[in-house]
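Q: Take a look at this one; I'll ask things after.
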Amino acid sequence: MRFYIRALFFVLLVGGLAAVAGFLTTSRNLSFDPSRLARMDAHYQKAIETEQVAGARALIYQNDRLVYQRNWGYRDIARKAPMQDDTIFHIYSMTKPITSVAVMMLHEEGKFLLHEPIAKYIPELADLRVYAPKKKSQNKNRLPTRAAKRQPTIHDVLTHQAGFSYGVFDPTPLGALYRKQGLGLSMEGNLKDFVTRLGKMPLKFDPGTHWHYSVSTDVLGRLVEVVSGQRFSEFLQDRIFTPLAMVDTSFRFDPAKAHRQATLYSQKGVPEQFVRKGLRAQPTGPGLESAHKSILTDFFPEAEFESGGAGLLSTTADYLRFARMLLNGGELDGQRLLAPNTVKMMRQDHLGKTRALARYTSTMPNDGIGFGLGFGTIKHQGLSQLPMPEESYFWGGAAGTIFWIDPKNEMIVLFMTQVLPHRTTLRQDMWSLTYQAIKDAQLND
């Protein structure tokens, strides 16, 4: 009898180890159909020929291998300089996930709790009031306000639920006030100056009641400075860029790399309207021209402002290393930035039933799209109306860039182009063009 018990134990042990081994080795190479990947080539080549964009670059990375990468068109039309693997792009809001990682690194060190008021660390944002458009103001030079039901927390700021807005997108009197106070596309001064000006503005709504895309992630840049004791750019360099060997990511143009910098374009006629209308300027005809020079001022060496929400320049190679770190649970090539549990927490939906106040693009929260700590998240593929599988997380940038991470299929996809404001669907097209090229009948789930 004892022999049979031991034999049974041995069988269960071996079976259990096999099951564990199977769990740990579920990764596999997906099969990509070359003829269907060719659809991607044709689609973006046509976009170049019809002058929707000057150039573009895309890559697909799956199960630790680069399965697809292409360059189309030019990084600079005037110089006939072709798009290349090492082209440097304005990534704009793809800066936000990097800033959010910096914040969560400090959270792991016990520097703050997410439910604490942001004003505990940034006193300039204390005692904020809420814009009340139906209320009459006693001062014609000020917007009418009311007391806030509560003050914004760090979690509110991380998830765009704090009540802040974006001057470049907001068509209301509050948005106009943002722009008047220098809280538009370009900002003067440093991050401390920024939060000082922001602290004099009313909130758009009571914290926690809506999701609204905003300058929140710029506020997080100041939070990093306050709790780390370092300038924001220095923290990113020391704690993220250097460990991950992101050698081309920074807030400023590097003269030594000028030949690799992609020119930022706008649609024909937009630059001449830009000073008056900003991102609301409309094209006057087909074609492209260089973007208005004022857009570039924040990237010159003498600029002070370091935008955690939209300020970084980078390459696909650098951003791929950042995305690989996230896909690997916070570690890459022996450099651990975050614990696996923290990354898991960041990519979960943090909105619940909270609704978006406005959806500027199809990537913003709806019934199927949530928002985590720095990323959009797919919580229900059908309701999202997007091809990405559930648990995928992503974000894009104002000039037409996007990335996403599909953890179920161990896949990272990057798309870069440079037109501001961006009004094509070229980055969204990458979703369907990527998944239609996969031949596997059943993706990992």
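Labeling convention for the structure tokens: chains A, B, ... as they appear, residues from 1 per chain, ligands from 1 in order of appearance.
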Restrict the calculation to only C-alpha atoms, then for each residue of region 298-381 of chain A with any atom at most 12 Å from an atom of region 411-421 of chain A give the closest atom pair and their distance in Å to one decimal, rows by chain and rising residue number, as a tab-separated table.
A:
residue	atom	partner	partner_atom	distance
A:Leu313	CA	A:Gln418	CA	11.6
A:Ser314	CA	A:Met416	CA	10.2
A:Thr315	CA	A:Met416	CA	8.8
A:Thr316	CA	A:Leu414	CA	6.9
A:Ala317	CA	A:Leu414	CA	9.7
A:Asp318	CA	A:Leu414	CA	11.1
A:Tyr319	CA	A:Leu414	CA	8.3
A:Leu320	CA	A:Ile412	CA	7.6
A:Arg321	CA	A:Ile412	CA	10.2
A:Phe322	CA	A:Ile412	CA	10.6
A:Ala323	CA	A:Ile412	CA	7.1
A:Arg324	CA	A:Ile412	CA	7.6
A:Met325	CA	A:Ile412	CA	11.0
A:Leu326	CA	A:Ile412	CA	10.1
A:Leu327	CA	A:Ile412	CA	8.1
A:Asn328	CA	A:Met411	CA	11.0
Q: Set the distance at 7 Å and use only C-alpha atoms: which residues neighbour region 161-173 of chain A once local chain neighbours fewer than 6 positions away are removed? I'd like the list as a VMD selection string.
A: chain A and resid 152 179 183 to 185 203 to 216 278 to 279
Q: Save the residues we just selected, N, CA and C atoms, as a PDB file, in the first residue's frame?
A:
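And here is the file that came out, result09.pdb:
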ATOM      1  N   PRO A 152      -8.008  67.109  -5.521  1.00  0.00           N
ATOM      2  CA  PRO A 152      -7.461  65.990  -6.305  1.00  0.00           C
ATOM      3  C   PRO A 152      -6.346  65.246  -5.591  1.00  0.00           C
ATOM      4  N   ARG A 179      -5.085  78.966 -22.218  1.00  0.00           N
ATOM      5  CA  ARG A 179      -4.204  79.477 -23.267  1.00  0.00           C
ATOM      6  C   ARG A 179      -3.706  80.882 -22.937  1.00  0.00           C
ATOM      7  N   LEU A 183      -0.772  78.199 -20.738  1.00  0.00           N
ATOM      8  CA  LEU A 183      -0.910  76.754 -20.511  1.00  0.00           C
ATOM      9  C   LEU A 183      -1.455  76.108 -21.773  1.00  0.00           C
ATOM     10  N   GLY A 184      -0.784  76.389 -22.887  1.00  0.00           N
ATOM     11  CA  GLY A 184      -1.197  75.860 -24.183  1.00  0.00           C
ATOM     12  C   GLY A 184      -0.240  74.806 -24.678  1.00  0.00           C
ATOM     13  N   LEU A 185       0.035  74.835 -25.991  1.00  0.00           N
ATOM     14  CA  LEU A 185       0.913  73.829 -26.573  1.00  0.00           C
ATOM     15  C   LEU A 185       2.357  74.028 -26.140  1.00  0.00           C
ATOM     16  N   LEU A 203     -10.724  74.211 -11.533  1.00  0.00           N
ATOM     17  CA  LEU A 203     -10.858  72.875 -12.108  1.00  0.00           C
ATOM     18  C   LEU A 203     -12.052  72.850 -13.054  1.00  0.00           C
ATOM     19  N   LYS A 204     -12.042  71.900 -13.966  1.00  0.00           N
ATOM     20  CA  LYS A 204     -13.140  71.775 -14.923  1.00  0.00           C
ATOM     21  C   LYS A 204     -14.327  71.037 -14.300  1.00  0.00           C
ATOM     22  N   PHE A 205     -14.060  70.169 -13.311  1.00  0.00           N
ATOM     23  CA  PHE A 205     -15.108  69.395 -12.648  1.00  0.00           C
ATOM     24  C   PHE A 205     -14.576  68.920 -11.302  1.00  0.00           C
ATOM     25  N   ASP A 206     -15.433  68.383 -10.483  1.00  0.00           N
ATOM     26  CA  ASP A 206     -15.011  67.846  -9.189  1.00  0.00           C
ATOM     27  C   ASP A 206     -14.117  66.628  -9.403  1.00  0.00           C
ATOM     28  N   PRO A 207     -12.994  66.552  -8.696  1.00  0.00           N
ATOM     29  CA  PRO A 207     -12.092  65.410  -8.863  1.00  0.00           C
ATOM     30  C   PRO A 207     -12.793  64.074  -8.660  1.00  0.00           C
ATOM     31  N   GLY A 208     -12.460  63.116  -9.522  1.00  0.00           N
ATOM     32  CA  GLY A 208     -13.004  61.769  -9.418  1.00  0.00           C
ATOM     33  C   GLY A 208     -14.332  61.551 -10.105  1.00  0.00           C
ATOM     34  N   THR A 209     -14.920  62.602 -10.684  1.00  0.00           N
ATOM     35  CA  THR A 209     -16.248  62.456 -11.286  1.00  0.00           C
ATOM     36  C   THR A 209     -16.222  62.206 -12.786  1.00  0.00           C
ATOM     37  N   HIS A 210     -15.105  62.514 -13.441  1.00  0.00           N
ATOM     38  CA  HIS A 210     -14.979  62.306 -14.881  1.00  0.00           C
ATOM     39  C   HIS A 210     -13.542  61.936 -15.233  1.00  0.00           C
ATOM     40  N   TRP A 211     -13.355  61.361 -16.415  1.00  0.00           N
ATOM     41  CA  TRP A 211     -12.031  61.235 -17.040  1.00  0.00           C
ATOM     42  C   TRP A 211     -11.949  62.340 -18.075  1.00  0.00           C
ATOM     43  N   HIS A 212     -10.867  63.109 -18.043  1.00  0.00           N
ATOM     44  CA  HIS A 212     -10.711  64.188 -19.023  1.00  0.00           C
ATOM     45  C   HIS A 212      -9.232  64.379 -19.310  1.00  0.00           C
ATOM     46  N   TYR A 213      -8.867  64.228 -20.576  1.00  0.00           N
ATOM     47  CA  TYR A 213      -7.475  64.365 -20.996  1.00  0.00           C
ATOM     48  C   TYR A 213      -6.965  65.751 -20.653  1.00  0.00           C
ATOM     49  N   SER A 214      -5.751  65.808 -20.074  1.00  0.00           N
ATOM     50  CA  SER A 214      -5.364  67.073 -19.474  1.00  0.00           C
ATOM     51  C   SER A 214      -3.861  67.187 -19.262  1.00  0.00           C
ATOM     52  N   VAL A 215      -3.476  68.298 -18.640  1.00  0.00           N
ATOM     53  CA  VAL A 215      -2.072  68.562 -18.297  1.00  0.00           C
ATOM     54  C   VAL A 215      -1.633  67.787 -17.053  1.00  0.00           C
ATOM     55  N   SER A 216      -2.441  66.854 -16.612  1.00  0.00           N
ATOM     56  CA  SER A 216      -2.142  66.102 -15.386  1.00  0.00           C
ATOM     57  C   SER A 216      -0.740  65.511 -15.382  1.00  0.00           C
ATOM     58  N   GLY A 278      -4.125  77.700 -33.269  1.00  0.00           N
ATOM     59  CA  GLY A 278      -3.467  76.537 -32.674  1.00  0.00           C
ATOM     60  C   GLY A 278      -3.848  75.255 -33.381  1.00  0.00           C
ATOM     61  N   LEU A 279      -4.120  74.198 -32.611  1.00  0.00           N
ATOM     62  CA  LEU A 279      -4.435  72.895 -33.194  1.00  0.00           C
ATOM     63  C   LEU A 279      -5.808  72.853 -33.862  1.00  0.00           C
TER      64      LEU A 279
END
Q: Just asking: which residues within region 18-250 of chain A are strand (DSSP E or B) according to DSSP, as a PyMOL selection string?
A: chain A and resi 32+55-62+66-76+81-82+88-90+117+129-131+145-147+153+203+211+250
Q: Just to be explicit: take each residue in the selection above, keep N, CA and C atoms, and write the result as a short mmCIF file (atom, residue, chain, number, x, y, z; two decimals), in the first residue's frame.
A:
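For reference, selection11.cif as written:
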data_model
loop_
_atom_site.label_atom_id
_atom_site.label_comp_id
_atom_site.auth_asym_id
_atom_site.auth_seq_id
_atom_site.Cartn_x
_atom_site.Cartn_y
_atom_site.Cartn_z
N PHE A 32 3.00 34.98 -39.12
CA PHE A 32 2.60 36.16 -39.88
C PHE A 32 2.62 35.83 -41.37
N GLY A 55 6.54 60.81 -44.22
CA GLY A 55 7.20 59.53 -44.01
C GLY A 55 6.62 58.84 -42.80
N ALA A 56 6.95 57.58 -42.65
CA ALA A 56 6.45 56.81 -41.50
C ALA A 56 7.39 55.63 -41.26
N ARG A 57 7.30 55.10 -40.06
CA ARG A 57 8.08 53.91 -39.68
C ARG A 57 7.22 53.04 -38.78
N ALA A 58 7.31 51.72 -38.97
CA ALA A 58 6.54 50.79 -38.13
C ALA A 58 7.37 49.55 -37.83
N LEU A 59 7.07 48.94 -36.69
CA LEU A 59 7.70 47.66 -36.36
C LEU A 59 6.76 46.82 -35.52
N ILE A 60 6.93 45.50 -35.66
CA ILE A 60 6.19 44.52 -34.85
C ILE A 60 7.23 43.61 -34.19
N TYR A 61 7.14 43.52 -32.88
CA TYR A 61 8.08 42.72 -32.08
C TYR A 61 7.26 41.68 -31.33
N GLN A 62 7.56 40.39 -31.56
CA GLN A 62 6.75 39.35 -30.94
C GLN A 62 7.63 38.21 -30.45
N LEU A 66 12.05 40.50 -33.77
CA LEU A 66 11.50 41.54 -34.63
C LEU A 66 10.96 40.88 -35.88
N VAL A 67 9.65 40.82 -36.01
CA VAL A 67 9.05 40.09 -37.14
C VAL A 67 8.75 41.00 -38.33
N TYR A 68 8.74 42.30 -38.09
CA TYR A 68 8.43 43.23 -39.19
C TYR A 68 8.95 44.60 -38.84
N GLN A 69 9.59 45.26 -39.79
CA GLN A 69 9.89 46.69 -39.66
C GLN A 69 10.03 47.27 -41.06
N ARG A 70 9.49 48.47 -41.24
CA ARG A 70 9.54 49.14 -42.53
C ARG A 70 9.69 50.65 -42.34
N ASN A 71 10.30 51.28 -43.30
CA ASN A 71 10.36 52.74 -43.39
C ASN A 71 9.72 53.15 -44.71
N TRP A 72 8.92 54.19 -44.68
CA TRP A 72 8.29 54.72 -45.88
C TRP A 72 8.57 56.21 -46.00
N GLY A 73 8.81 56.69 -47.19
CA GLY A 73 8.90 58.12 -47.44
C GLY A 73 10.12 58.78 -46.84
N TYR A 74 9.93 60.03 -46.41
CA TYR A 74 11.03 60.88 -46.00
C TYR A 74 10.90 61.36 -44.55
N ARG A 75 12.05 61.50 -43.90
CA ARG A 75 12.05 62.21 -42.63
C ARG A 75 12.16 63.71 -42.88
N ASP A 76 12.67 64.11 -44.06
CA ASP A 76 12.74 65.51 -44.47
C ASP A 76 12.57 65.57 -45.98
N ALA A 81 15.72 63.38 -47.61
CA ALA A 81 16.33 62.47 -46.63
C ALA A 81 15.33 61.38 -46.29
N PRO A 82 15.62 60.13 -46.59
CA PRO A 82 14.65 59.05 -46.38
C PRO A 82 14.45 58.74 -44.90
N ILE A 88 14.79 60.18 -35.37
CA ILE A 88 14.31 60.70 -34.09
C ILE A 88 12.99 61.43 -34.30
N PHE A 89 12.00 61.10 -33.50
CA PHE A 89 10.64 61.65 -33.64
C PHE A 89 10.23 62.45 -32.41
N HIS A 90 9.33 63.42 -32.61
CA HIS A 90 8.58 64.00 -31.50
C HIS A 90 7.52 62.97 -31.12
N PRO A 117 -3.57 63.71 -1.17
CA PRO A 117 -3.80 64.91 -2.00
C PRO A 117 -2.51 65.33 -2.69
N ARG A 129 -10.65 75.44 -6.70
CA ARG A 129 -12.08 75.59 -6.88
C ARG A 129 -12.49 75.05 -8.25
N VAL A 130 -13.80 74.95 -8.50
CA VAL A 130 -14.32 74.36 -9.72
C VAL A 130 -15.03 75.42 -10.56
N TYR A 131 -14.77 75.40 -11.85
CA TYR A 131 -15.43 76.31 -12.80
C TYR A 131 -16.94 76.06 -12.77
N THR A 145 -16.72 80.51 -10.11
CA THR A 145 -16.29 79.24 -9.52
C THR A 145 -17.15 78.88 -8.31
N ARG A 146 -16.99 77.66 -7.85
CA ARG A 146 -17.63 77.18 -6.63
C ARG A 146 -16.62 76.31 -5.89
N ALA A 147 -16.93 75.99 -4.66
CA ALA A 147 -16.05 75.13 -3.88
C ALA A 147 -16.04 73.71 -4.46
N THR A 153 -6.34 63.94 -5.78
CA THR A 153 -5.30 63.08 -5.21
C THR A 153 -4.25 62.77 -6.29
N LEU A 203 -10.72 74.21 -11.53
CA LEU A 203 -10.86 72.88 -12.11
C LEU A 203 -12.05 72.85 -13.05
N TRP A 211 -13.35 61.36 -16.41
CA TRP A 211 -12.03 61.23 -17.04
C TRP A 211 -11.95 62.34 -18.07
N SER A 250 15.27 62.31 -25.16
CA SER A 250 15.56 63.51 -24.38
C SER A 250 14.49 64.56 -24.65
#
Q: Which residues are near Glu108 (chain A)? Cut-off 9 Å, only C-alpha atoms, ignore same chain within fewer than 4 positions. Put them as a list in words.
A: Val103, Met104, Phe112, Leu338, Ala339 and Thr342 of chain A
Q: Using only C-alpha atoms, can you tell me which of A:Gly285, A:Lys46, A:Arg427, A:Ala291 comes closest to Gly397 (chain A)?
A: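 Closest residue, counting only C-alpha atoms: A:Arg427.
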Q: DSSP on the backbone, then: every residue of region 185-350 of chain A marked alpha helix (DSSP H), written as a PyMOL selection string.
A: chain A and resi 191-198+216-228+232-236+270-277+316-327+340-346
Q: Compile the contact shell of region 301-312 of chain A as a PyMOL selection string: residues with an atom at most 10 Å away, counting only C-alpha atoms, same-chain residues fewer than 6 positions apart removed.
A: chain A and resi 89-100+102+185-194+214-222+224+231-233+248-255+374+397-398
Q: Got time to write the residues from that selection, C-alpha atoms, as a PDB file, in the first residue's frame?
A:
ATOM      1  CA  PHE A  89      10.645  61.647 -33.643  1.00  0.00           C
ATOM      2  CA  HIS A  90       8.581  64.004 -31.501  1.00  0.00           C
ATOM      3  CA  ILE A  91       6.617  61.408 -29.537  1.00  0.00           C
ATOM      4  CA  TYR A  92       4.413  63.946 -27.701  1.00  0.00           C
ATOM      5  CA  SER A  93       1.926  62.081 -25.466  1.00  0.00           C
ATOM      6  CA  MET A  94       3.859  58.833 -25.682  1.00  0.00           C
ATOM      7  CA  THR A  95       5.912  60.689 -23.052  1.00  0.00           C
ATOM      8  CA  LYS A  96       3.063  60.084 -20.583  1.00  0.00           C
ATOM      9  CA  PRO A  97       3.736  56.356 -19.964  1.00  0.00           C
ATOM     10  CA  ILE A  98       7.405  57.144 -19.284  1.00  0.00           C
ATOM     11  CA  THR A  99       6.460  59.828 -16.743  1.00  0.00           C
ATOM     12  CA  SER A 100       3.966  57.468 -15.112  1.00  0.00           C
ATOM     13  CA  ALA A 102       8.887  57.402 -13.039  1.00  0.00           C
ATOM     14  CA  LEU A 185       0.913  73.829 -26.573  1.00  0.00           C
ATOM     15  CA  SER A 186       4.141  75.624 -25.612  1.00  0.00           C
ATOM     16  CA  MET A 187       4.862  76.645 -22.025  1.00  0.00           C
ATOM     17  CA  GLU A 188       7.230  79.169 -20.542  1.00  0.00           C
ATOM     18  CA  GLY A 189       9.255  78.725 -17.362  1.00  0.00           C
ATOM     19  CA  ASN A 190      10.021  75.546 -15.451  1.00  0.00           C
ATOM     20  CA  LEU A 191       7.748  72.972 -13.839  1.00  0.00           C
ATOM     21  CA  LYS A 192       7.462  74.971 -10.609  1.00  0.00           C
ATOM     22  CA  ASP A 193       6.314  78.005 -12.607  1.00  0.00           C
ATOM     23  CA  PHE A 194       3.816  75.782 -14.412  1.00  0.00           C
ATOM     24  CA  SER A 214      -5.364  67.073 -19.474  1.00  0.00           C
ATOM     25  CA  VAL A 215      -2.072  68.562 -18.297  1.00  0.00           C
ATOM     26  CA  SER A 216      -2.142  66.102 -15.386  1.00  0.00           C
ATOM     27  CA  THR A 217       0.990  64.287 -16.524  1.00  0.00           C
ATOM     28  CA  ASP A 218       2.914  67.566 -16.583  1.00  0.00           C
ATOM     29  CA  VAL A 219       1.919  67.910 -12.932  1.00  0.00           C
ATOM     30  CA  LEU A 220       3.423  64.468 -12.354  1.00  0.00           C
ATOM     31  CA  GLY A 221       6.740  65.735 -13.711  1.00  0.00           C
ATOM     32  CA  ARG A 222       6.771  68.301 -10.921  1.00  0.00           C
ATOM     33  CA  VAL A 224       8.886  63.619  -9.471  1.00  0.00           C
ATOM     34  CA  ARG A 231      15.298  67.923 -11.902  1.00  0.00           C
ATOM     35  CA  PHE A 232      12.761  65.899 -13.870  1.00  0.00           C
ATOM     36  CA  SER A 233      15.062  65.323 -16.874  1.00  0.00           C
ATOM     37  CA  ASP A 248      18.359  58.938 -28.140  1.00  0.00           C
ATOM     38  CA  THR A 249      15.534  59.972 -25.793  1.00  0.00           C
ATOM     39  CA  SER A 250      15.555  63.513 -24.378  1.00  0.00           C
ATOM     40  CA  PHE A 251      13.651  66.792 -24.091  1.00  0.00           C
ATOM     41  CA  ARG A 252      15.987  68.774 -26.349  1.00  0.00           C
ATOM     42  CA  PHE A 253      17.318  68.729 -29.901  1.00  0.00           C
ATOM     43  CA  ASP A 254      20.885  67.453 -30.073  1.00  0.00           C
ATOM     44  CA  PRO A 255      22.870  69.346 -32.781  1.00  0.00           C
ATOM     45  CA  GLY A 374      -0.455  56.076 -17.785  1.00  0.00           C
ATOM     46  CA  GLY A 397       1.103  61.059 -29.582  1.00  0.00           C
ATOM     47  CA  ALA A 398      -0.278  64.205 -31.209  1.00  0.00           C
TER      48      ALA A 398
END
Q: What does the distance between CA of Lys135 (chain A) and CA of Ile154 (chain A) come to in Å, to one decimal place?
A: 28.8 Å
Q: Can you work out the spacing between CA of Gln267 (chain A) and CA of Thr284 (chain A) in Å, to one decimal?
A: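 So the answer is 8.0 Å.
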Q: Figure out the distance between CA of Val343 (chain A) and CA of Gly368 (chain A), please, to one decimal in Å.
A: 20.5 Å
